[in-house]
file protein.txt (compact mmCIF, C-alpha atoms)
# COMPACT_ATOMS: atom_id res chain seq x y z
CA MET A 223 -59.09 -11.23 7.48
CA LEU A 224 -61.38 -9.85 10.20
CA LEU A 225 -58.37 -8.64 12.18
CA ILE A 226 -56.83 -7.02 9.09
CA SER A 227 -60.15 -5.28 8.33
CA LEU A 228 -60.47 -4.09 11.93
CA ILE A 229 -56.96 -2.62 12.00
CA SER A 230 -57.42 -1.15 8.49
CA ALA A 231 -60.60 0.61 9.67
CA LEU A 232 -58.67 2.02 12.64
CA VAL A 233 -55.88 3.14 10.27
CA LEU A 234 -58.41 4.97 8.07
CA LEU A 235 -60.07 6.51 11.14
CA GLU A 236 -56.78 7.75 12.56
CA SER A 237 -55.29 8.99 9.32
CA ARG A 238 -58.27 10.98 8.13
CA GLU A 239 -60.85 11.59 10.85
CA ILE A 240 -59.49 11.68 14.38
CA PHE A 241 -56.24 12.41 16.17
CA GLN A 242 -53.92 12.44 13.10
CA GLY A 243 -50.84 11.72 15.16
CA LEU A 244 -48.87 9.85 12.44
CA LEU A 245 -49.69 6.44 13.98
CA SER A 246 -51.31 5.22 10.77
CA GLN A 247 -48.61 6.41 8.36
CA PRO A 248 -47.02 3.60 6.29
CA PHE A 249 -43.56 4.08 7.82
CA VAL A 250 -45.11 3.28 11.23
CA THR A 251 -47.55 0.53 10.21
CA ALA A 252 -44.69 -1.13 8.30
CA LEU A 253 -43.03 -1.69 11.68
CA PHE A 254 -46.09 -3.55 12.96
CA LEU A 255 -46.18 -5.68 9.81
CA VAL A 256 -42.50 -6.59 10.27
CA TRP A 257 -43.18 -7.53 13.90
CA ALA A 258 -46.12 -9.63 12.68
CA GLY A 259 -43.67 -11.68 10.60
CA TYR A 260 -43.89 -10.14 7.13
CA ASP A 261 -40.79 -9.94 4.89
CA GLN A 262 -39.19 -6.70 6.08
CA ASN A 263 -37.47 -6.02 2.77
CA PHE A 264 -40.68 -5.83 0.76
CA VAL A 265 -42.82 -4.24 3.49
CA LEU A 266 -40.35 -1.39 4.10
CA ALA A 267 -39.62 -0.90 0.39
CA ALA A 268 -43.38 -0.71 -0.32
CA ALA A 269 -43.80 1.86 2.49
CA THR A 270 -40.93 3.92 1.06
CA VAL A 271 -42.32 3.91 -2.49
CA THR A 272 -45.86 4.71 -1.25
CA HIS A 273 -44.63 7.66 0.83
CA LEU A 274 -42.52 9.06 -1.99
CA ILE A 275 -45.42 8.85 -4.45
CA TYR A 276 -47.77 10.82 -2.17
CA LEU A 277 -45.30 13.07 -0.32
CA ASN A 278 -46.16 16.09 -2.41
CA ARG A 279 -49.94 15.80 -2.01
CA THR A 280 -51.80 17.97 0.52
CA PRO A 281 -55.22 17.02 1.90
CA SER A 282 -56.78 20.42 1.42
CA GLY A 283 -60.27 21.81 0.87
CA THR A 284 -62.73 19.72 -1.11
CA THR A 285 -60.20 17.95 -3.32
CA THR A 286 -60.11 14.16 -3.02
CA PHE A 287 -56.95 13.00 -1.32
CA PRO A 288 -55.65 9.44 -1.92
CA GLU A 289 -55.94 7.55 1.38
CA TYR A 290 -52.53 5.94 1.06
CA PRO A 291 -52.10 4.87 4.75
CA PHE A 292 -55.20 2.69 4.36
CA GLY A 293 -54.28 1.56 0.84
CA TYR A 294 -50.82 0.59 1.99
CA PHE A 295 -51.86 -1.27 5.13
CA VAL A 296 -54.69 -3.31 3.65
CA THR A 297 -52.74 -4.23 0.49
CA ALA A 298 -49.47 -5.02 2.26
CA SER A 299 -51.17 -7.16 4.90
CA VAL A 300 -53.16 -9.21 2.37
CA ILE A 301 -50.79 -9.39 -0.61
CA LEU A 302 -47.27 -9.19 0.83
CA PRO A 303 -46.97 -12.25 3.14
CA GLY A 304 -44.80 -15.04 1.75
CA GLU A 305 -42.31 -15.10 -1.10
CA GLN A 306 -42.19 -12.04 -3.35
CA ASN A 307 -40.34 -10.89 -6.43
CA ALA A 308 -40.07 -7.61 -8.32
CA ILE A 309 -43.16 -8.36 -10.45
CA THR A 310 -45.43 -9.00 -7.45
CA PHE A 311 -43.90 -5.95 -5.76
CA ILE A 312 -44.81 -3.71 -8.73
CA LEU A 313 -48.32 -5.21 -8.77
CA SER A 314 -48.64 -4.49 -5.03
CA ILE A 315 -47.66 -0.83 -5.56
CA ALA A 316 -50.22 -0.55 -8.38
CA LEU A 317 -52.87 -2.04 -6.07
CA ILE A 318 -51.94 0.36 -3.24
CA MET A 319 -52.40 3.31 -5.63
CA LEU A 320 -55.68 1.94 -6.97
CA ILE A 321 -57.14 1.32 -3.49
CA SER A 322 -55.92 4.72 -2.24
CA GLU A 323 -57.67 6.50 -5.12
CA PHE A 324 -60.83 4.44 -4.71
CA THR A 325 -60.88 5.14 -0.95
CA ALA A 326 -60.63 8.88 -1.69
CA ARG A 327 -63.90 8.55 -3.65
CA PHE A 328 -65.43 6.56 -0.81
CA MET A 329 -64.45 9.26 1.70
CA SER A 330 -66.04 11.88 -0.52
CA PHE A 331 -69.30 9.87 -0.44
CA LYS A 332 -69.09 9.54 3.34
CA ARG A 333 -68.59 13.29 3.79
CA ARG A 334 -71.61 14.09 1.65
CA TYR A 335 -73.62 11.73 3.84
CA PHE A 336 -72.45 13.61 6.96
CA GLU A 337 -74.11 16.78 5.71
CA LYS A 338 -77.26 15.45 7.36
CA TYR A 339 -75.73 16.49 10.69
CA ARG A 340 -76.40 20.09 9.73
CA ASP A 341 -80.15 19.49 9.98
CA ARG A 342 -79.70 17.87 13.34
CA PHE A 343 -77.79 20.85 14.63
CA LEU A 344 -80.33 23.31 13.28
CA PHE A 345 -83.62 21.64 14.04
CA TYR A 346 -82.99 19.53 17.13
CA LYS A 347 -80.59 21.99 18.76
CA GLY A 348 -78.98 19.15 20.65
CA VAL A 349 -75.34 18.59 21.45
CA PRO A 350 -73.83 16.48 18.64
CA ASN A 351 -72.99 13.07 19.97
CA LEU A 352 -69.31 12.37 19.44
CA THR A 353 -69.54 8.70 20.42
CA GLU A 354 -72.31 8.23 17.87
CA GLY A 355 -70.29 10.08 15.20
CA VAL A 356 -67.10 8.07 15.83
CA PHE A 357 -68.98 4.76 16.12
CA PHE A 358 -70.93 5.44 12.95
CA THR A 359 -67.75 6.35 11.07
CA PHE A 360 -65.92 3.31 12.40
CA ILE A 361 -68.72 0.93 11.38
CA ILE A 362 -68.76 2.39 7.85
CA PHE A 363 -64.97 2.10 7.63
CA PHE A 364 -65.01 -1.44 8.96
CA ILE A 365 -67.57 -2.59 6.38
CA TYR A 366 -65.57 -0.85 3.66
CA SER A 367 -62.27 -2.40 4.89
CA LEU A 368 -63.86 -5.84 5.04
CA THR A 369 -65.04 -5.49 1.44
CA VAL A 370 -61.63 -4.30 0.21
CA ALA A 371 -59.80 -7.04 2.16
CA ALA A 372 -62.19 -9.69 0.76
CA VAL A 373 -61.59 -8.48 -2.81
CA LEU A 374 -57.82 -8.45 -2.24
CA ASN A 375 -57.97 -11.88 -0.64
CA PHE A 376 -59.86 -13.11 -3.68
CA ILE A 377 -57.30 -11.80 -6.17
CA SER A 378 -54.17 -12.48 -4.09
CA PRO A 379 -53.85 -16.17 -5.17
CA ALA A 380 -53.59 -14.88 -8.74
CA ILE A 381 -50.48 -12.99 -7.66
CA ARG A 382 -48.97 -15.35 -5.08
CA ASN A 383 -49.71 -18.88 -6.27
CA THR A 384 -49.12 -18.56 -9.98
CA ALA A 385 -46.04 -18.61 -12.17
CA LEU A 386 -45.80 -14.82 -11.68
CA ASN A 387 -44.25 -15.37 -8.29
CA GLU A 388 -41.85 -18.04 -9.46
CA ILE A 389 -40.34 -16.24 -12.44
CA PRO A 390 -36.71 -15.48 -11.63
CA VAL A 391 -36.44 -11.71 -12.05
CA PRO A 392 -32.87 -10.53 -12.58
CA HIS A 393 -31.88 -7.29 -10.82
CA SER A 394 -34.80 -7.37 -8.40
CA GLN A 395 -33.15 -4.98 -5.93
CA PRO A 396 -32.24 -2.34 -8.58
CA ILE A 397 -35.83 -2.43 -9.88
CA ILE A 398 -37.18 -1.72 -6.38
CA ILE A 399 -34.64 1.07 -5.87
CA PHE A 400 -35.54 2.52 -9.28
CA LEU A 401 -39.18 2.60 -8.11
CA CYS A 402 -38.06 4.71 -5.14
CA ILE A 403 -35.81 7.01 -7.17
CA VAL A 404 -38.45 8.03 -9.74
CA PRO A 405 -40.97 9.57 -7.25
CA ALA A 406 -38.07 11.09 -5.24
CA LEU A 407 -36.84 12.85 -8.39
CA PHE A 408 -40.38 14.01 -9.14
CA TYR A 409 -40.65 15.39 -5.60
CA ILE A 410 -37.38 17.29 -6.09
CA TYR A 411 -38.62 18.64 -9.43
CA LYS A 412 -41.85 19.86 -7.79
CA ASN A 413 -40.18 21.45 -4.75
CA PHE A 414 -36.86 22.74 -6.02
CA ARG A 415 -37.92 24.50 -9.21
CA ILE A 416 -37.69 28.27 -9.16
CA LYS A 417 -41.10 29.94 -9.27
CA LYS A 418 -41.24 32.88 -11.69
CA MET B 238 -62.68 39.82 29.69
CA LYS B 239 -63.92 36.49 31.06
CA GLU B 240 -61.18 34.14 32.20
CA LEU B 241 -60.96 30.85 30.30
CA ARG B 242 -60.23 28.05 32.79
CA THR B 243 -57.42 25.55 32.08
CA TYR B 244 -60.00 22.72 32.25
CA THR B 245 -62.06 24.40 29.50
CA VAL B 246 -58.97 24.95 27.33
CA LEU B 247 -58.02 21.28 27.81
CA SER B 248 -61.55 20.17 26.94
CA LEU B 249 -61.51 22.35 23.79
CA THR B 250 -58.06 21.02 22.86
CA ILE B 251 -59.23 17.40 23.08
CA ARG B 252 -62.29 18.23 20.99
CA THR B 253 -60.09 19.67 18.20
CA PHE B 254 -58.69 16.15 17.71
CA PHE B 255 -62.19 15.17 16.54
CA ILE B 256 -62.91 18.23 14.39
CA ARG B 257 -62.68 16.26 11.13
CA ILE B 258 -65.41 13.81 12.15
CA PHE B 259 -68.01 16.40 11.09
CA TYR B 260 -66.12 17.53 7.96
CA ASN B 261 -68.40 17.83 4.94
CA TYR B 262 -68.53 19.56 1.58
CA LEU B 263 -71.40 21.89 2.49
CA ASN B 264 -69.59 23.95 5.13
CA LEU B 265 -66.24 22.11 5.52
CA PHE B 266 -65.34 22.61 9.21
CA GLY B 267 -68.51 24.58 10.12
CA GLU B 268 -70.06 21.73 12.08
CA GLY B 269 -66.76 20.70 13.62
CA LEU B 270 -66.28 24.28 14.84
CA CYS B 271 -69.71 24.28 16.57
CA PHE B 272 -68.97 20.88 18.14
CA CYS B 273 -65.56 22.01 19.43
CA LEU B 274 -66.77 25.25 20.97
CA PHE B 275 -69.69 23.82 23.00
CA PRO B 276 -67.85 23.37 26.33
CA ALA B 277 -67.05 27.09 26.46
CA LEU B 278 -70.50 28.38 25.56
CA GLY B 279 -72.61 27.47 28.58
CA LYS B 280 -76.30 26.80 27.97
CA ASP B 281 -77.14 29.31 25.25
CA ARG B 282 -76.13 27.28 22.24
CA SER B 283 -79.02 27.61 19.79
CA GLU B 284 -78.17 31.21 18.85
CA PHE B 285 -74.53 30.22 18.44
CA ILE B 286 -75.40 27.28 16.16
CA ARG B 287 -77.67 29.47 14.03
CA LYS B 288 -74.88 31.99 13.61
CA HIS B 289 -71.91 29.69 13.09
CA LEU B 290 -73.24 26.74 11.11
CA LYS B 291 -71.81 28.22 7.95
CA PHE B 292 -68.80 27.73 5.72
CA PHE B 293 -65.57 27.61 7.68
CA ASN B 294 -62.19 26.29 6.66
CA THR B 295 -59.13 25.65 8.79
CA ASN B 296 -56.19 23.34 9.16
CA GLU B 297 -56.91 20.75 11.85
CA TYR B 298 -53.49 21.18 13.50
CA LEU B 299 -53.90 24.95 13.79
CA SER B 300 -57.63 24.84 14.55
CA GLY B 301 -56.86 25.92 18.13
CA PHE B 302 -56.08 29.45 16.92
CA ALA B 303 -59.44 29.65 15.11
CA LEU B 304 -61.31 28.36 18.17
CA GLY B 305 -59.59 30.77 20.55
CA ILE B 306 -60.13 33.82 18.34
CA ILE B 307 -63.81 33.03 17.66
CA LEU B 308 -64.37 32.46 21.40
CA ASN B 309 -62.75 35.80 22.10
CA ARG B 310 -65.27 37.47 19.78
CA GLU B 311 -68.24 35.49 21.07
CA LEU B 312 -67.70 35.70 24.83
CA ASN B 313 -66.75 39.35 24.72
CA ASN B 314 -69.77 40.39 22.62
CA ASN B 315 -67.80 41.55 19.65
CA ASP B 316 -70.47 40.36 17.22
CA GLU B 317 -70.17 42.73 14.30
CA SER B 318 -66.63 41.65 13.41
CA THR B 319 -67.03 37.87 13.93
CA GLU B 320 -67.97 37.16 10.30
CA LYS B 321 -65.03 39.16 8.96
CA THR B 322 -62.70 37.43 11.44
CA LYS B 323 -63.95 34.01 10.33
CA GLU B 324 -63.27 34.92 6.71
CA ILE B 325 -59.71 35.95 7.57
CA LEU B 326 -59.16 32.81 9.67
CA SER B 327 -60.54 30.54 6.93
CA SER B 328 -57.98 31.76 4.44
CA VAL B 329 -54.96 32.43 6.67
CA ILE B 330 -55.00 29.41 8.99
CA GLY B 331 -55.94 27.03 6.18
CA SER B 332 -53.03 28.04 3.97
CA VAL B 333 -50.44 28.59 6.73
CA GLY B 334 -51.32 25.26 8.36
CA ASP B 335 -51.20 23.29 5.13
CA ARG B 336 -47.84 24.78 4.22
CA LEU B 337 -46.35 24.31 7.69
CA VAL B 338 -47.64 20.83 8.47
CA TYR B 339 -48.19 19.06 5.15
CA LYS B 340 -45.40 20.69 3.14
CA LEU B 341 -42.70 20.91 5.82
CA ILE B 342 -43.16 19.07 9.13
CA LEU B 343 -44.65 15.83 7.75
CA PRO B 344 -42.13 15.53 4.88
CA VAL B 345 -39.25 16.11 7.33
CA ILE B 346 -40.52 13.36 9.66
CA ILE B 347 -41.31 10.94 6.84
CA LEU B 348 -38.04 11.55 4.97
CA THR B 349 -36.01 11.03 8.16
CA ALA B 350 -37.63 7.62 8.67
CA LEU B 351 -37.26 6.68 5.00
CA ASN B 352 -33.58 7.65 5.05
CA LYS B 353 -33.07 5.31 8.00
CA TYR B 354 -34.87 2.46 6.22
CA VAL B 355 -32.75 2.94 3.09
CA ILE B 356 -29.47 3.25 5.05
CA SER B 357 -30.21 -0.01 6.86
CA GLY B 358 -30.99 -1.73 3.52
CA PHE B 359 -34.76 -2.01 4.10
CA SER B 360 -34.41 -3.87 7.36
CA ILE B 361 -35.39 -3.02 10.91
CA ASP B 362 -32.87 -2.53 13.67
CA SER B 363 -33.25 -1.11 17.17
CA CYS B 364 -32.05 2.30 15.99
CA SER B 365 -34.94 2.51 13.45
CA VAL B 366 -37.46 1.61 16.15
CA ILE B 367 -36.09 4.23 18.57
CA LEU B 368 -36.05 6.85 15.79
CA ILE B 369 -39.66 6.21 14.80
CA ILE B 370 -40.96 6.14 18.38
CA SER B 371 -39.12 9.43 19.08
CA GLU B 372 -40.58 11.01 15.94
CA ILE B 373 -44.11 10.00 16.89
CA LEU B 374 -43.64 11.26 20.44
CA LEU B 375 -42.19 14.59 19.32
CA PHE B 376 -44.86 15.10 16.67
CA ASN B 377 -47.67 14.39 19.13
CA ILE B 378 -46.20 16.75 21.71
CA PHE B 379 -46.23 19.40 18.95
CA ASN B 380 -49.72 18.28 17.87
CA PHE B 381 -51.15 18.79 21.38
CA SER B 382 -49.14 21.91 22.29
CA ILE B 383 -49.96 23.88 19.12
CA ARG B 384 -53.69 23.27 19.65
CA PHE B 385 -53.54 24.16 23.36
CA TYR B 386 -51.38 27.24 22.77
CA GLY B 387 -53.58 28.31 19.84
CA ILE B 388 -56.76 28.30 21.96
CA ARG B 389 -55.14 30.14 24.87
CA SER B 390 -53.32 32.67 22.71
CA GLY B 391 -56.31 33.20 20.38
CA TYR B 392 -58.61 33.84 23.32
CA GLU B 393 -56.23 36.25 25.03
CA LYS B 394 -54.97 38.19 22.02
CA GLY B 395 -57.85 37.84 19.53
CA ILE B 396 -56.94 38.18 15.85
CA GLU B 397 -53.50 39.48 16.89
CA ALA B 398 -52.63 35.86 17.80
CA ILE B 399 -52.14 34.88 14.16
CA LYS B 400 -49.45 37.53 13.79
CA ILE B 401 -47.15 34.84 15.19
CA PHE B 402 -47.04 33.51 11.60
CA LYS B 403 -45.56 36.81 10.41
CA THR B 404 -42.76 37.03 12.94
CA GLY B 405 -39.08 36.67 12.08
CA THR B 406 -38.75 33.60 14.31
CA TYR B 407 -41.54 31.80 12.45
CA ARG B 408 -39.94 32.68 9.10
CA ARG B 409 -36.59 31.38 10.31
CA ILE B 410 -38.22 28.12 11.46
CA VAL B 411 -39.92 27.73 8.05
CA TYR B 412 -36.63 28.46 6.29
CA LEU B 413 -34.75 25.89 8.40
CA LEU B 414 -37.45 23.27 7.89
CA THR B 415 -37.38 23.87 4.12
CA LEU B 416 -33.62 23.54 4.09
CA PHE B 417 -33.72 20.40 6.22
CA ARG B 418 -36.44 18.83 4.04
CA ASN B 419 -34.43 19.53 0.88
CA LEU B 420 -31.29 18.05 2.43
CA LEU B 421 -33.22 14.97 3.52
CA VAL B 422 -34.64 14.30 0.07
CA LEU B 423 -31.20 14.74 -1.51
CA SER B 424 -29.63 12.42 1.04
CA LEU B 425 -32.39 9.88 0.38
CA LEU B 426 -31.52 9.93 -3.32
CA LEU B 427 -27.84 9.56 -2.52
CA ASN B 428 -28.53 6.65 -0.15
CA LEU B 429 -30.68 4.94 -2.78
CA PHE B 430 -27.87 5.23 -5.34
CA LEU B 431 -25.31 3.97 -2.81
CA LEU B 432 -27.55 1.03 -1.90
CA ASN B 433 -27.68 0.11 -5.56
CA ILE B 434 -23.89 0.02 -5.99
call {"tool": "encode", "arguments": {"input": "protein.txt", "output": "structure tokens"}}
result
Amino acid sequence: MLLISLISALVLLESREIFQGLLSQPFVTALFLVWAGYDQNFVLAAATVTHLIYLNRTPSGTTTFPEYPFGYFVTASVILPGEQNAITFILSIALIMLISEFTARFMSFKRRYFEKYRDRFLFYKGVPNLTEGVFFTFIIFFIYSLTVAAVLNFISPAIRNTALNEIPVPHSQPIIIFLCIVPALFYIYKNFRIKK
Amino acid sequence: MKELRTYTVLSLTIRTFFIRIFYNYLNLFGEGLCFCLFPALGKDRSEFIRKHLKFFNTNEYLSGFALGIILNRELNNNDESTEKTKEILSSVIGSVGDRLVYKLILPVIILTALNKYVISGFSIDSCSVILIISEILLFNIFNFSIRFYGIRSGYEKGIEAIKIFKTGTYRRIVYLLTLFRNLLVLSLLLNLFLLNI
């Protein structure tokens, strides 16, 4: 769990605060999860659904933006190992969305806290310390990731070790594909409509 | 006009990768802008901080243009128009960057990868790995180059540098990216239906 929290904190740091070179996007982190031994079918399908849900969102201005790279990585790495079916897959997607939205609120809190730097700039007239800024951000993210991973770890037996996971779900594959088609159609509706 | 050394441009470029660390709701990128410009300012920073620690918005990928143009104003003592320039940059670079990167480039990259995943039936093969590594490499070359070019061009040309986003070539690139993105999302839908059959 410590390793998952550490990587999740790095994912959040890369996706939102520094570099932003796509390394933390679900379609990339899904590869690492597959190499780590997770079921590639569910991991890649979850990455596809997550991307399609948030493809039309833009992190702009002061609006809260769902941190889906973090939500995806932490949820997939805690919930998705082992046997899955369509029900647990749908629950995982719901959890990814919930954690992404909650993390957006957390980021908003963190940014308000960083307003204190303004006073430092103005009154101490020193060079802002990047190492301190990055380290501070990373520590906050790590504590947050650890908390989220612990909560997910606590609720994951309720998903994995109960009858939910053993119910034979007919048409599992079409259900997963349907989950991909709906946000893709919504994306087309948003981007293809003629603006008057 | 003072010459901006390649080392300074490189140092500024690397700093733009950290511009969001200081992002806050009081002045958005105001603090990040001050942090990024320090290597080019020399020792007289307090006056600069007092003047620039105000509201400033940009897109992180195109922040190089903002940095270069503001440096052009600052180092060449063109004080009276700096505030007006910052206002223009806040609106233009923010909206152009968001549209170019978040509405076109990122969807094209993501949809290409997703198409590959769907075509291969949600499984990984060597082709998927090569495709994703190439996408990351290409995107990061763009990510670095646009910041570096933005600083250099902004410093040399001033506010004229952002006219690049009004040229015919830029419009053609945007048109092609839009077309490509739309084709990719349609092909993704088609692949999903085919996978289901």
call {"tool": "closest_atom_pairs", "arguments": {"input": "protein.txt", "of": "chain B", "to": "chain A", "cutoff": "7 Å", "atoms": "all atoms listed in the file", "output": "tab-separated table"}}
result
residue	atom	partner	partner_atom	distance
B:Phe254	CA	A:Phe241	CA	4.7
B:Phe255	CA	A:Ile240	CA	4.9
B:Arg257	CA	A:Glu239	CA	5.0
B:Ile258	CA	A:Glu239	CA	5.2
B:Phe259	CA	A:Phe336	CA	6.7
B:Tyr260	CA	A:Arg333	CA	6.4
B:Asn261	CA	A:Arg333	CA	4.7
B:Tyr262	CA	A:Arg334	CA	6.3
B:Leu263	CA	A:Glu337	CA	6.6
B:Glu268	CA	A:Arg340	CA	7.0
B:Phe272	CA	A:Pro350	CA	6.6
B:Ser283	CA	A:Lys347	CA	5.9
B:Ile286	CA	A:Leu344	CA	7.0
B:Arg287	CA	A:Leu344	CA	6.8
B:Tyr339	CA	A:Thr280	CA	6.0
B:Pro344	CA	A:Leu277	CA	6.6
B:Ala350	CA	A:Phe249	CA	7.0
B:Leu351	CA	A:Thr270	CA	6.1
B:Phe359	CA	A:Asn263	CA	5.0
B:Ser360	CA	A:Gln262	CA	5.7
B:Ile373	CA	A:Leu244	CA	6.5
B:Asn377	CA	A:Gly243	CA	5.7
B:Leu426	CA	A:Ile403	CA	6.5
B:Leu429	CA	A:Ile399	CA	6.3
B:Asn433	CA	A:Pro396	CA	6.0
call {"tool": "residues_around", "arguments": {"input": "protein.txt", "residues": "B:Ile306", "least_positions_apart": "2", "cutoff": "10 Å", "atoms": "only C-alpha atoms", "output": "MDAnalysis selection string"}}
result
chainID B and resid 301:304 308:311 319 322:323 326 387:399
call {"tool": "residues_near_point", "arguments": {"input": "protein.txt", "point": "(-51.5, 24.6, 8.0)", "cutoff": "8 Å", "atoms": "all atoms listed in the file", "output": "PDB file with C-alpha atoms, in the frame of the given file"}}
result
ATOM      1  CA  THR B 295     -59.130  25.650   8.790  1.00  0.00           C
ATOM      2  CA  ASN B 296     -56.190  23.340   9.160  1.00  0.00           C
ATOM      3  CA  GLU B 297     -56.910  20.750  11.850  1.00  0.00           C
ATOM      4  CA  TYR B 298     -53.490  21.180  13.500  1.00  0.00           C
ATOM      5  CA  LEU B 299     -53.900  24.950  13.790  1.00  0.00           C
ATOM      6  CA  ILE B 330     -55.000  29.410   8.990  1.00  0.00           C
ATOM      7  CA  GLY B 331     -55.940  27.030   6.180  1.00  0.00           C
ATOM      8  CA  SER B 332     -53.030  28.040   3.970  1.00  0.00           C
ATOM      9  CA  VAL B 333     -50.440  28.590   6.730  1.00  0.00           C
ATOM     10  CA  GLY B 334     -51.320  25.260   8.360  1.00  0.00           C
ATOM     11  CA  ASP B 335     -51.200  23.290   5.130  1.00  0.00           C
ATOM     12  CA  ARG B 336     -47.840  24.780   4.220  1.00  0.00           C
ATOM     13  CA  LEU B 337     -46.350  24.310   7.690  1.00  0.00           C
ATOM     14  CA  VAL B 338     -47.640  20.830   8.470  1.00  0.00           C
ATOM     15  CA  TYR B 339     -48.190  19.060   5.150  1.00  0.00           C
TER      16      TYR B 339
END
call {"tool": "atom_distance", "arguments": {"input": "protein.txt", "atom1": "atom CA of B:Phe417", "atom2": "atom CA of B:Val345"}}
result
7.1 Å
call {"tool": "closest_residue", "arguments": {"input": "protein.txt", "among": "A:Phe358, A:Phe363, A:Phe295, A:Tyr290", "to": "A:Ile226", "atoms": "only C-alpha atoms"}}
result
A:Phe295
call {"tool": "atom_distance", "arguments": {"input": "protein.txt", "atom1": "atom CA of A:Val391", "atom2": "atom CA of A:Leu313"}}
result
13.9 Å
call {"tool": "residues_near_point", "arguments": {"input": "protein.txt", "point": "(-61.0, -2.1, 0.6)", "cutoff": "9 Å", "atoms": "only C-alpha atoms", "output": "MDAnalysis selection string"}}
result
chainID A and resid 227 230 292:293 296:297 321:322 324:325 365:374
call {"tool": "closest_residue", "arguments": {"input": "protein.txt", "among": "B:Asn313, B:Ser300, B:Ser382, B:Asn294", "to": "B:Glu240", "atoms": "all atoms listed in the file"}}
result
B:Asn313
call {"tool": "residues_around", "arguments": {"input": "protein.txt", "residues": "B:Glu372", "least_positions_apart": "3", "cutoff": "10 Å", "atoms": "all atoms listed in the file", "output": "count of residues only"}}
result
13
call {"tool": "atom_distance", "arguments": {"input": "protein.txt", "atom1": "atom CA of B:Phe293", "atom2": "atom CA of B:Cys271"}}
result
10.4 Å
call {"tool": "residues_around", "arguments": {"input": "protein.txt", "residues": "stretch 419-425 of chain B", "least_positions_apart": "3", "cutoff": "6 Å", "atoms": "only C-alpha atoms", "output": "PDB file with C-alpha atoms, in the frame of the given file"}}
result
ATOM      1  CA  ASN B 352     -33.580   7.650   5.050  1.00  0.00           C
ATOM      2  CA  LEU B 416     -33.620  23.540   4.090  1.00  0.00           C
ATOM      3  CA  ASN B 428     -28.530   6.650  -0.150  1.00  0.00           C
TER       4      ASN B 428
END
call {"tool": "build_atoms", "arguments": {"input": "protein.txt", "residues": "stretch 224-237 of chain A", "atoms": "N, CA and C atoms", "output": "CSV table (one decimal), keeping the file's coordinate frame"}}
result
chain,number,residue,atom,x,y,z
A,224,LEU,N,-60.6,-10.7,9.3
A,224,LEU,CA,-61.4,-9.8,10.2
A,224,LEU,C,-60.5,-8.9,10.9
A,225,LEU,N,-59.3,-9.5,11.4
A,225,LEU,CA,-58.4,-8.6,12.2
A,225,LEU,C,-57.8,-7.6,11.3
A,226,ILE,N,-57.4,-8.0,10.0
A,226,ILE,CA,-56.8,-7.0,9.1
A,226,ILE,C,-57.8,-5.9,8.8
A,227,SER,N,-59.1,-6.3,8.6
A,227,SER,CA,-60.2,-5.3,8.3
A,227,SER,C,-60.3,-4.3,9.5
A,228,LEU,N,-60.3,-4.9,10.7
A,228,LEU,CA,-60.5,-4.1,11.9
A,228,LEU,C,-59.3,-3.1,12.1
A,229,ILE,N,-58.1,-3.5,11.9
A,229,ILE,CA,-57.0,-2.6,12.0
A,229,ILE,C,-57.0,-1.6,10.8
A,230,SER,N,-57.4,-2.1,9.6
A,230,SER,CA,-57.4,-1.2,8.5
A,230,SER,C,-58.4,0.0,8.8
A,231,ALA,N,-59.6,-0.4,9.4
A,231,ALA,CA,-60.6,0.6,9.7
A,231,ALA,C,-60.0,1.6,10.7
A,232,LEU,N,-59.3,1.1,11.6
A,232,LEU,CA,-58.7,2.0,12.6
A,232,LEU,C,-57.6,2.9,12.0
A,233,VAL,N,-56.9,2.4,11.0
A,233,VAL,CA,-55.9,3.1,10.3
A,233,VAL,C,-56.6,4.3,9.5
A,234,LEU,N,-57.7,4.0,8.8
A,234,LEU,CA,-58.4,5.0,8.1
A,234,LEU,C,-59.0,6.0,9.0
A,235,LEU,N,-59.5,5.6,10.2
A,235,LEU,CA,-60.1,6.5,11.1
A,235,LEU,C,-59.0,7.5,11.7
A,236,GLU,N,-57.8,6.9,12.0
A,236,GLU,CA,-56.8,7.8,12.6
A,236,GLU,C,-56.2,8.7,11.5
A,237,SER,N,-56.0,8.2,10.3
A,237,SER,CA,-55.3,9.0,9.3
A,237,SER,C,-56.2,10.1,8.8
